[in-house]
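**Student:** Coordinates in run_13.txt, compact mmCIF, C-alpha atoms, are listed below.
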```txt
# COMPACT_ATOMS: atom_id res chain seq x y z
CA GLY S 1 -14.16 -18.59 19.13
CA ASP S 2 -11.58 -16.68 21.10
CA SER S 3 -12.05 -12.93 21.31
CA VAL S 4 -10.73 -9.80 23.02
CA THR S 5 -12.79 -6.75 23.91
CA GLN S 6 -11.18 -3.40 24.67
CA MET S 7 -12.65 -0.12 25.75
CA GLU S 8 -13.18 2.28 22.90
CA GLY S 9 -11.07 5.36 22.64
CA PRO S 10 -9.73 7.80 22.38
CA VAL S 11 -8.70 8.11 25.99
CA THR S 12 -7.60 11.68 26.62
CA LEU S 13 -5.53 12.47 29.72
CA SER S 14 -3.33 15.18 31.07
CA GLU S 15 0.29 14.44 31.84
CA GLU S 16 0.79 12.66 35.22
CA ALA S 17 -2.78 11.36 35.28
CA PHE S 18 -3.62 7.73 36.13
CA LEU S 19 -4.37 5.46 33.21
CA THR S 20 -6.61 2.43 32.96
CA ILE S 21 -7.47 0.72 29.69
CA ASN S 22 -9.91 -2.14 30.13
CA CYS S 23 -9.51 -5.47 28.38
CA THR S 24 -11.61 -8.61 28.76
CA TYR S 25 -11.30 -11.85 26.88
CA THR S 26 -13.15 -15.00 25.92
CA ALA S 27 -11.13 -18.14 25.44
CA THR S 28 -11.12 -21.81 26.25
CA GLY S 29 -8.34 -23.15 28.36
CA TYR S 30 -5.56 -20.94 29.68
CA PRO S 31 -4.48 -18.37 27.12
CA SER S 32 -1.44 -16.14 27.35
CA LEU S 33 -2.27 -12.43 27.43
CA PHE S 34 -0.40 -9.50 25.93
CA TRP S 35 -0.43 -5.75 25.61
CA TYR S 36 1.14 -4.33 22.45
CA VAL S 37 1.75 -0.65 21.76
CA GLN S 38 1.86 1.13 18.41
CA TYR S 39 3.53 4.54 18.32
CA PRO S 40 2.67 6.88 15.45
CA GLY S 41 4.09 5.67 12.15
CA GLU S 42 5.43 2.42 13.59
CA GLY S 43 4.51 -1.23 13.84
CA LEU S 44 3.39 -2.91 17.03
CA GLN S 45 5.80 -3.76 19.81
CA LEU S 46 5.28 -5.89 22.85
CA LEU S 47 4.66 -3.86 26.00
CA LEU S 48 4.05 -6.64 28.52
CA LYS S 49 2.68 -10.16 28.88
CA ALA S 50 1.35 -12.69 31.36
CA THR S 51 1.13 -16.39 30.82
CA LYS S 52 -0.93 -17.68 33.73
CA ALA S 53 -3.57 -16.59 36.22
CA ASP S 54 -2.49 -13.96 38.78
CA ASP S 55 0.69 -13.19 36.84
CA LYS S 56 1.50 -9.49 36.64
CA GLY S 57 3.24 -8.19 33.55
CA SER S 58 5.09 -4.89 33.82
CA ASN S 59 7.24 -2.66 31.66
CA LYS S 60 8.01 1.08 31.40
CA GLY S 61 5.72 1.82 34.35
CA PHE S 62 2.78 -0.04 32.83
CA GLU S 63 1.23 -3.01 34.61
CA ALA S 64 -1.48 -5.57 33.94
CA THR S 65 -2.64 -8.53 36.03
CA TYR S 66 -4.07 -11.71 34.54
CA ARG S 67 -7.44 -12.17 36.29
CA LYS S 68 -8.96 -15.48 35.36
CA GLU S 69 -12.01 -15.05 37.59
CA THR S 70 -13.05 -11.91 35.72
CA THR S 71 -11.36 -12.84 32.39
CA SER S 72 -9.64 -9.48 32.37
CA PHE S 73 -6.21 -8.00 31.74
CA HIS S 74 -6.57 -4.27 32.35
CA LEU S 75 -3.62 -2.00 31.56
CA GLU S 76 -2.64 0.60 34.17
CA LYS S 77 -0.03 3.28 34.63
CA GLY S 78 0.26 5.55 37.62
CA SER S 79 1.48 8.67 35.83
CA VAL S 80 1.31 9.00 32.06
CA GLN S 81 3.64 11.09 29.93
CA VAL S 82 3.13 12.80 26.59
CA SER S 83 5.42 10.17 25.08
CA ASP S 84 2.89 7.46 26.04
CA SER S 85 0.51 8.73 23.38
CA ALA S 86 -0.04 5.72 21.14
CA VAL S 87 -2.52 2.98 20.30
CA TYR S 88 -2.65 0.08 22.74
CA PHE S 89 -3.76 -3.40 21.74
CA CYS S 90 -4.75 -6.21 24.05
CA ALA S 91 -4.21 -9.71 22.64
CA LEU S 92 -4.36 -13.35 23.56
CA SER S 93 -2.91 -16.60 22.29
CA ALA S 94 -4.59 -19.86 23.03
CA THR S 95 -2.60 -22.67 24.55
CA GLY S 96 -0.51 -24.45 21.95
CA PHE S 97 -1.21 -21.96 19.18
CA GLN S 98 1.07 -19.32 17.71
CA LYS S 99 -1.74 -17.10 16.47
CA LEU S 100 -2.67 -13.95 18.33
CA VAL S 101 -6.20 -12.60 18.62
CA PHE S 102 -6.23 -8.83 18.96
CA GLY S 103 -8.67 -6.35 20.36
CA THR S 104 -9.62 -3.34 18.29
CA GLY S 105 -7.08 -1.06 19.95
CA THR S 106 -7.44 1.98 22.21
CA ARG S 107 -5.89 5.29 21.28
CA LEU S 108 -4.34 7.22 24.17
CA LEU S 109 -3.74 10.95 23.86
CA VAL S 110 -1.74 12.64 26.61
CA SER S 111 -1.54 16.42 26.69
CA PRO S 112 1.08 18.50 28.55
CA ASP D 1 17.51 -6.92 18.13
CA VAL D 2 14.89 -8.69 16.09
CA LYS D 3 14.28 -6.96 12.83
CA VAL D 4 11.26 -7.40 10.59
CA THR D 5 11.56 -5.36 7.43
CA GLN D 6 8.73 -4.56 5.07
CA SER D 7 9.87 -3.50 1.64
CA SER D 8 7.69 -0.40 1.28
CA ARG D 9 6.21 2.07 3.76
CA TYR D 10 3.76 3.51 1.24
CA LEU D 11 2.39 2.05 -1.95
CA VAL D 12 -0.15 3.35 -4.44
CA LYS D 13 -1.63 0.94 -6.95
CA ARG D 14 -4.49 0.90 -9.42
CA THR D 15 -7.52 -1.36 -9.35
CA GLY D 16 -6.79 -4.68 -11.03
CA GLU D 17 -3.03 -4.55 -10.59
CA LYS D 18 -1.13 -7.46 -9.08
CA VAL D 19 0.56 -6.29 -5.89
CA PHE D 20 3.41 -7.85 -3.96
CA LEU D 21 4.16 -6.94 -0.35
CA GLU D 22 7.45 -8.30 0.90
CA CYS D 23 8.54 -9.06 4.43
CA VAL D 24 11.94 -10.24 5.65
CA GLN D 25 12.98 -11.21 9.18
CA ASP D 26 16.52 -11.71 10.36
CA MET D 27 16.03 -13.89 13.45
CA ASP D 28 15.49 -17.32 11.93
CA HIS D 29 11.90 -17.41 13.18
CA GLU D 30 9.75 -20.32 12.07
CA ASN D 31 6.45 -18.44 12.08
CA MET D 32 5.43 -15.49 9.96
CA PHE D 33 2.14 -13.61 9.72
CA TRP D 34 0.35 -11.05 7.59
CA TYR D 35 -2.29 -8.76 9.12
CA ARG D 36 -4.29 -5.87 7.89
CA GLN D 37 -5.11 -3.00 10.23
CA ASP D 38 -8.21 -0.89 9.76
CA PRO D 39 -9.68 1.78 12.07
CA GLY D 40 -12.19 0.30 14.48
CA LEU D 41 -11.37 -3.26 13.44
CA GLY D 42 -7.94 -3.70 14.97
CA LEU D 43 -5.63 -6.29 13.42
CA ARG D 44 -7.09 -9.10 11.37
CA LEU D 45 -5.03 -12.09 10.33
CA ILE D 46 -4.86 -12.72 6.59
CA TYR D 47 -2.41 -15.65 6.33
CA PHE D 48 0.32 -17.24 8.36
CA SER D 49 3.08 -19.73 7.85
CA TYR D 50 4.69 -22.18 10.24
CA ASP D 51 7.49 -23.25 7.94
CA VAL D 52 8.94 -22.84 4.49
CA LYS D 53 6.35 -23.59 1.80
CA MET D 54 3.66 -23.97 4.47
CA LYS D 55 0.74 -21.59 4.66
CA GLU D 56 -2.55 -21.43 6.48
CA LYS D 57 -5.52 -19.16 6.02
CA GLY D 58 -6.30 -16.66 8.69
CA ASP D 59 -9.57 -14.89 9.29
CA ILE D 60 -9.78 -12.87 6.06
CA PRO D 61 -7.85 -14.65 3.27
CA GLU D 62 -10.21 -13.79 0.42
CA GLY D 63 -8.48 -11.82 -2.33
CA TYR D 64 -5.00 -12.60 -1.01
CA SER D 65 -2.37 -15.28 -1.42
CA VAL D 66 1.06 -15.77 0.11
CA SER D 67 4.42 -17.28 -0.71
CA ARG D 68 7.16 -18.54 1.55
CA GLU D 69 10.01 -19.96 -0.48
CA LYS D 70 12.69 -19.12 2.08
CA LYS D 71 12.50 -19.12 5.85
CA GLU D 72 13.26 -15.43 6.21
CA ARG D 73 10.85 -14.11 3.57
CA PHE D 74 7.06 -14.06 3.51
CA SER D 75 5.27 -12.37 0.64
CA LEU D 76 1.66 -11.23 0.49
CA ILE D 77 0.11 -11.12 -2.98
CA LEU D 78 -2.99 -9.27 -4.07
CA GLU D 79 -3.86 -11.00 -7.31
CA SER D 80 -6.12 -8.21 -8.54
CA ALA D 81 -6.14 -5.23 -6.23
CA SER D 82 -9.46 -3.66 -5.34
CA THR D 83 -10.30 -0.43 -3.54
CA ASN D 84 -11.51 -2.32 -0.46
CA GLN D 85 -7.97 -3.60 0.00
CA THR D 86 -6.76 -0.10 0.78
CA SER D 87 -5.35 -0.58 4.27
CA MET D 88 -2.29 -0.80 6.49
CA TYR D 89 -0.57 -4.17 6.16
CA LEU D 90 1.59 -5.49 8.97
CA CYS D 91 3.98 -8.40 8.86
CA ALA D 92 5.13 -10.23 11.99
CA SER D 93 7.34 -13.16 12.92
CA SER D 94 7.75 -15.33 15.99
CA PRO D 95 9.88 -18.24 17.12
CA THR D 96 8.07 -21.46 17.87
CA LYS D 97 9.74 -21.64 21.27
CA GLY D 98 9.10 -18.08 22.32
CA LYS D 99 5.91 -17.87 24.34
CA ASN D 100 4.01 -16.59 21.31
CA ILE D 101 5.63 -13.16 21.24
CA GLN D 102 5.35 -11.68 17.77
CA TYR D 103 7.70 -9.08 16.33
CA PHE D 104 6.25 -6.61 13.88
CA GLY D 105 7.48 -4.66 10.90
CA ALA D 106 6.70 -0.97 10.51
CA GLY D 107 3.84 -1.62 8.11
CA THR D 108 2.98 -0.84 4.50
CA ARG D 109 0.21 1.62 3.84
CA LEU D 110 -1.39 0.53 0.58
CA SER D 111 -3.76 2.73 -1.37
CA VAL D 112 -5.67 1.20 -4.27
CA LEU D 113 -7.15 3.79 -6.60
```
For this file, produce the structure as structure tokens.

**Tutor:**
Amino acid sequence: GDSVTQMEGPVTLSEEAFLTINCTYTATGYPSLFWYVQYPGEGLQLLLKATKADDKGSNKGFEATYRKETTSFHLEKGSVQVSDSAVYFCALSATGFQKLVFGTGTRLLVSP
Amino acid sequence: DVKVTQSSRYLVKRTGEKVFLECVQDMDHENMFWYRQDPGLGLRLIYFSYDVKMKEKGDIPEGYSVSREKKERFSLILESASTNQTSMYLCASSPTKGKNIQYFGAGTRLSVL
């Protein structure tokens, strides 16, 4: 079945450091790919998405590119802030289906 | 803004009790979902619904049931709560014509003692 694999956390960075959180997927067809973020004490909210190969999703300084050849959707940010501390989830939805398949989440801790 | 409201942020129940978790969305979305979130396991889908009175099992439906009598409301029912159902429960909704973006509530942290 479809699955998403994320790097384990926590990822600990200093403010202004470069961030990469790896995400790879297994799916048939052409899934849509998502990054969701969960701030402490809150539900998940969509951070960015990409619906086809080579699409780049971006939001709030975060970026991720849909790489079909490597089945990856890595999340990057050039300069993290303390306020970026959260749990980040990679997810996919298969073509024609409303369900999302989530990775296990990666906790990011950014210190001043 | 889309709003998904879960009736309780924290809930403490005893083993064997019947538990109701309520979720309401205000955007006329067709689809609604219940997940549980556990450390190291991410989000796992319990049940979902594509329409009023429709329900489909997700990946871990055992010990749970759901009810969707009105479009805006989706209830998760634990018929007889057990300690292994202690978890964070998240409700989400999505429009059918919306590129599969789901909107989440803040979650209910349930403790079963």

**Student:** (-3.9, -12.5, 1.7) in this file's frame - what residues fall within 9 Å of it? Use all atoms listed in the file and give the answer as a ChimeraX atom specification.

**Tutor:** /D:34-35,45-47,57-58,60-66,76-78

**Student:** Those residues with C-alpha atoms, as an mmCIF file, keeping the file's coordinate frame please?

**Tutor:**
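Result file again-v7.cif:
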```
data_model
loop_
_atom_site.group_PDB
_atom_site.id
_atom_site.type_symbol
_atom_site.label_atom_id
_atom_site.label_comp_id
_atom_site.auth_asym_id
_atom_site.auth_seq_id
_atom_site.Cartn_x
_atom_site.Cartn_y
_atom_site.Cartn_z
ATOM 1 C CA TRP D 34 0.350 -11.050 7.590
ATOM 2 C CA TYR D 35 -2.290 -8.760 9.120
ATOM 3 C CA LEU D 45 -5.030 -12.090 10.330
ATOM 4 C CA ILE D 46 -4.860 -12.720 6.590
ATOM 5 C CA TYR D 47 -2.410 -15.650 6.330
ATOM 6 C CA LYS D 57 -5.520 -19.160 6.020
ATOM 7 C CA GLY D 58 -6.300 -16.660 8.690
ATOM 8 C CA ILE D 60 -9.780 -12.870 6.060
ATOM 9 C CA PRO D 61 -7.850 -14.650 3.270
ATOM 10 C CA GLU D 62 -10.210 -13.790 0.420
ATOM 11 C CA GLY D 63 -8.480 -11.820 -2.330
ATOM 12 C CA TYR D 64 -5.000 -12.600 -1.010
ATOM 13 C CA SER D 65 -2.370 -15.280 -1.420
ATOM 14 C CA VAL D 66 1.060 -15.770 0.110
ATOM 15 C CA LEU D 76 1.660 -11.230 0.490
ATOM 16 C CA ILE D 77 0.110 -11.120 -2.980
ATOM 17 C CA LEU D 78 -2.990 -9.270 -4.070
#
```

**Student:** Using all atoms listed in the file, which chain S residues lie at most 6 Å away from chain D, written as a list of chain:residue names?

**Tutor:**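 Here is what falls inside 6 Å: S:Glu42, S:Gly43, S:Leu44, S:Gln98, S:Thr104, S:Gly105.
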
**Student:** Given the selection you just returned, output its residues as a file containing C-alpha atoms, formatted as a PDB file, in the frame of the given file.

**Tutor:**
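The file below, again-v2.pdb, is the result:
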```
ATOM      1  CA  GLU S  42       5.430   2.420  13.590  1.00  0.00           C
ATOM      2  CA  GLY S  43       4.510  -1.230  13.840  1.00  0.00           C
ATOM      3  CA  LEU S  44       3.390  -2.910  17.030  1.00  0.00           C
ATOM      4  CA  GLN S  98       1.070 -19.320  17.710  1.00  0.00           C
ATOM      5  CA  THR S 104      -9.620  -3.340  18.290  1.00  0.00           C
ATOM      6  CA  GLY S 105      -7.080  -1.060  19.950  1.00  0.00           C
TER       7      GLY S 105
END
```

**Student:** Just want the 8 Å neighbourhood of Ala53 in chain S, counted on all atoms listed in the file, with same-chain residues fewer than 3 positions away dropped. Output as a PyMOL selection string.

**Tutor:** chain S and resi 50+66-68

**Student:** If you measure from CA of Ser83 in chain S to CA of Val37 in chain S, what distance in Å do you get, rounded to one decimal?

**Tutor:**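 Value for the CA of Ser83 in chain S-CA of Val37 in chain S distance: 11.9 Å.
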
**Student:** Record the distance separating CA of Ile21 in chain S and CA of Lys99 in chain S, expressed in Å with one decimal.

**Tutor:**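 CA of Lys99 in chain S lies at a distance of 22.9 Å from CA of Ile21 in chain S.
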
**Student:** Residues at most 9 Å from Ser14 in chain S, counting all atoms listed in the file, excluding those fewer than 6 positions away in the same chain, as a VMD selection string?

**Tutor:** chain S and resid 80 to 82 109 to 112

**Student:** Please write the residues from the selection above to a file, keeping C-alpha atoms, as a PDB file, keeping the file's coordinate frame.

**Tutor:**
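Final file, result.pdb:
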```
ATOM      1  CA  VAL S  80       1.310   9.000  32.060  1.00  0.00           C
ATOM      2  CA  GLN S  81       3.640  11.090  29.930  1.00  0.00           C
ATOM      3  CA  VAL S  82       3.130  12.800  26.590  1.00  0.00           C
ATOM      4  CA  LEU S 109      -3.740  10.950  23.860  1.00  0.00           C
ATOM      5  CA  VAL S 110      -1.740  12.640  26.610  1.00  0.00           C
ATOM      6  CA  SER S 111      -1.540  16.420  26.690  1.00  0.00           C
ATOM      7  CA  PRO S 112       1.080  18.500  28.550  1.00  0.00           C
TER       8      PRO S 112
END
```

**Student:** Generate N, CA and C atoms for range 70-99 of chain S and emit them as a PDB file, in the coordinates of the input.

**Tutor:**
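In the end it all went to rebuild01.pdb:
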```
ATOM      1  N   THR S  70     -12.275 -12.935  36.440  1.00  0.00           N
ATOM      2  CA  THR S  70     -13.050 -11.910  35.720  1.00  0.00           C
ATOM      3  C   THR S  70     -12.689 -11.868  34.232  1.00  0.00           C
ATOM      4  N   THR S  71     -11.883 -12.787  33.782  1.00  0.00           N
ATOM      5  CA  THR S  71     -11.360 -12.840  32.390  1.00  0.00           C
ATOM      6  C   THR S  71     -10.942 -11.460  31.917  1.00  0.00           C
ATOM      7  N   SER S  72     -10.060 -10.834  32.696  1.00  0.00           N
ATOM      8  CA  SER S  72      -9.640  -9.480  32.370  1.00  0.00           C
ATOM      9  C   SER S  72      -8.126  -9.336  32.435  1.00  0.00           C
ATOM     10  N   PHE S  73      -7.651  -8.294  31.768  1.00  0.00           N
ATOM     11  CA  PHE S  73      -6.210  -8.000  31.740  1.00  0.00           C
ATOM     12  C   PHE S  73      -6.078  -6.493  31.520  1.00  0.00           C
ATOM     13  N   HIS S  74      -6.509  -5.735  32.486  1.00  0.00           N
ATOM     14  CA  HIS S  74      -6.570  -4.270  32.350  1.00  0.00           C
ATOM     15  C   HIS S  74      -5.175  -3.658  32.432  1.00  0.00           C
ATOM     16  N   LEU S  75      -4.919  -2.687  31.590  1.00  0.00           N
ATOM     17  CA  LEU S  75      -3.620  -2.000  31.560  1.00  0.00           C
ATOM     18  C   LEU S  75      -3.690  -0.759  32.444  1.00  0.00           C
ATOM     19  N   GLU S  76      -2.664  -0.553  33.274  1.00  0.00           N
ATOM     20  CA  GLU S  76      -2.640   0.600  34.170  1.00  0.00           C
ATOM     21  C   GLU S  76      -1.253   1.233  34.160  1.00  0.00           C
ATOM     22  N   LYS S  77      -1.273   2.547  34.401  1.00  0.00           N
ATOM     23  CA  LYS S  77      -0.030   3.280  34.630  1.00  0.00           C
ATOM     24  C   LYS S  77      -0.338   4.414  35.589  1.00  0.00           C
ATOM     25  N   GLY S  78       0.530   4.585  36.562  1.00  0.00           N
ATOM     26  CA  GLY S  78       0.260   5.550  37.620  1.00  0.00           C
ATOM     27  C   GLY S  78       0.369   6.996  37.182  1.00  0.00           C
ATOM     28  N   SER S  79       1.238   7.277  36.224  1.00  0.00           N
ATOM     29  CA  SER S  79       1.480   8.670  35.830  1.00  0.00           C
ATOM     30  C   SER S  79       1.912   8.678  34.373  1.00  0.00           C
ATOM     31  N   VAL S  80       0.999   9.070  33.488  1.00  0.00           N
ATOM     32  CA  VAL S  80       1.310   9.000  32.060  1.00  0.00           C
ATOM     33  C   VAL S  80       2.118  10.224  31.623  1.00  0.00           C
ATOM     34  N   GLN S  81       2.842  10.033  30.542  1.00  0.00           N
ATOM     35  CA  GLN S  81       3.640  11.090  29.930  1.00  0.00           C
ATOM     36  C   GLN S  81       3.155  11.336  28.508  1.00  0.00           C
ATOM     37  N   VAL S  82       3.505  12.486  27.978  1.00  0.00           N
ATOM     38  CA  VAL S  82       3.130  12.800  26.590  1.00  0.00           C
ATOM     39  C   VAL S  82       3.634  11.717  25.637  1.00  0.00           C
ATOM     40  N   SER S  83       4.815  11.184  25.943  1.00  0.00           N
ATOM     41  CA  SER S  83       5.420  10.170  25.080  1.00  0.00           C
ATOM     42  C   SER S  83       4.677   8.831  25.113  1.00  0.00           C
ATOM     43  N   ASP S  84       3.714   8.681  26.006  1.00  0.00           N
ATOM     44  CA  ASP S  84       2.890   7.460  26.040  1.00  0.00           C
ATOM     45  C   ASP S  84       1.749   7.505  25.032  1.00  0.00           C
ATOM     46  N   SER S  85       1.563   8.624  24.385  1.00  0.00           N
ATOM     47  CA  SER S  85       0.510   8.730  23.380  1.00  0.00           C
ATOM     48  C   SER S  85       0.760   7.708  22.272  1.00  0.00           C
ATOM     49  N   ALA S  86      -0.211   6.850  22.058  1.00  0.00           N
ATOM     50  CA  ALA S  86      -0.040   5.720  21.140  1.00  0.00           C
ATOM     51  C   ALA S  86      -1.371   4.959  21.087  1.00  0.00           C
ATOM     52  N   VAL S  87      -1.374   3.892  20.301  1.00  0.00           N
ATOM     53  CA  VAL S  87      -2.520   2.980  20.300  1.00  0.00           C
ATOM     54  C   VAL S  87      -2.102   1.706  21.023  1.00  0.00           C
ATOM     55  N   TYR S  88      -2.945   1.248  21.922  1.00  0.00           N
ATOM     56  CA  TYR S  88      -2.650   0.080  22.740  1.00  0.00           C
ATOM     57  C   TYR S  88      -3.594  -1.051  22.374  1.00  0.00           C
ATOM     58  N   PHE S  89      -2.990  -2.227  22.141  1.00  0.00           N
ATOM     59  CA  PHE S  89      -3.760  -3.400  21.740  1.00  0.00           C
ATOM     60  C   PHE S  89      -3.614  -4.491  22.795  1.00  0.00           C
ATOM     61  N   CYS S  90      -4.737  -5.023  23.206  1.00  0.00           N
ATOM     62  CA  CYS S  90      -4.750  -6.210  24.050  1.00  0.00           C
ATOM     63  C   CYS S  90      -4.864  -7.436  23.131  1.00  0.00           C
ATOM     64  N   ALA S  91      -4.198  -8.526  23.497  1.00  0.00           N
ATOM     65  CA  ALA S  91      -4.210  -9.710  22.640  1.00  0.00           C
ATOM     66  C   ALA S  91      -4.094 -10.967  23.475  1.00  0.00           C
ATOM     67  N   LEU S  92      -4.530 -12.069  22.896  1.00  0.00           N
ATOM     68  CA  LEU S  92      -4.360 -13.350  23.560  1.00  0.00           C
ATOM     69  C   LEU S  92      -3.876 -14.398  22.562  1.00  0.00           C
ATOM     70  N   SER S  93      -3.217 -15.419  23.093  1.00  0.00           N
ATOM     71  CA  SER S  93      -2.910 -16.600  22.290  1.00  0.00           C
ATOM     72  C   SER S  93      -3.353 -17.816  23.075  1.00  0.00           C
ATOM     73  N   ALA S  94      -4.083 -18.659  22.377  1.00  0.00           N
ATOM     74  CA  ALA S  94      -4.590 -19.860  23.030  1.00  0.00           C
ATOM     75  C   ALA S  94      -3.451 -20.850  23.242  1.00  0.00           C
ATOM     76  N   THR S  95      -3.629 -21.686  24.218  1.00  0.00           N
ATOM     77  CA  THR S  95      -2.600 -22.670  24.550  1.00  0.00           C
ATOM     78  C   THR S  95      -2.260 -23.520  23.335  1.00  0.00           C
ATOM     79  N   GLY S  96      -0.962 -23.602  23.039  1.00  0.00           N
ATOM     80  CA  GLY S  96      -0.510 -24.450  21.950  1.00  0.00           C
ATOM     81  C   GLY S  96      -0.623 -23.839  20.581  1.00  0.00           C
ATOM     82  N   PHE S  97      -1.064 -22.597  20.488  1.00  0.00           N
ATOM     83  CA  PHE S  97      -1.210 -21.960  19.180  1.00  0.00           C
ATOM     84  C   PHE S  97      -0.324 -20.732  19.088  1.00  0.00           C
ATOM     85  N   GLN S  98       0.222 -20.483  17.923  1.00  0.00           N
ATOM     86  CA  GLN S  98       1.070 -19.320  17.710  1.00  0.00           C
ATOM     87  C   GLN S  98       0.269 -18.075  17.349  1.00  0.00           C
ATOM     88  N   LYS S  99      -0.965 -18.250  16.916  1.00  0.00           N
ATOM     89  CA  LYS S  99      -1.740 -17.100  16.470  1.00  0.00           C
ATOM     90  C   LYS S  99      -2.125 -16.214  17.637  1.00  0.00           C
TER      91      LYS S  99
END
```
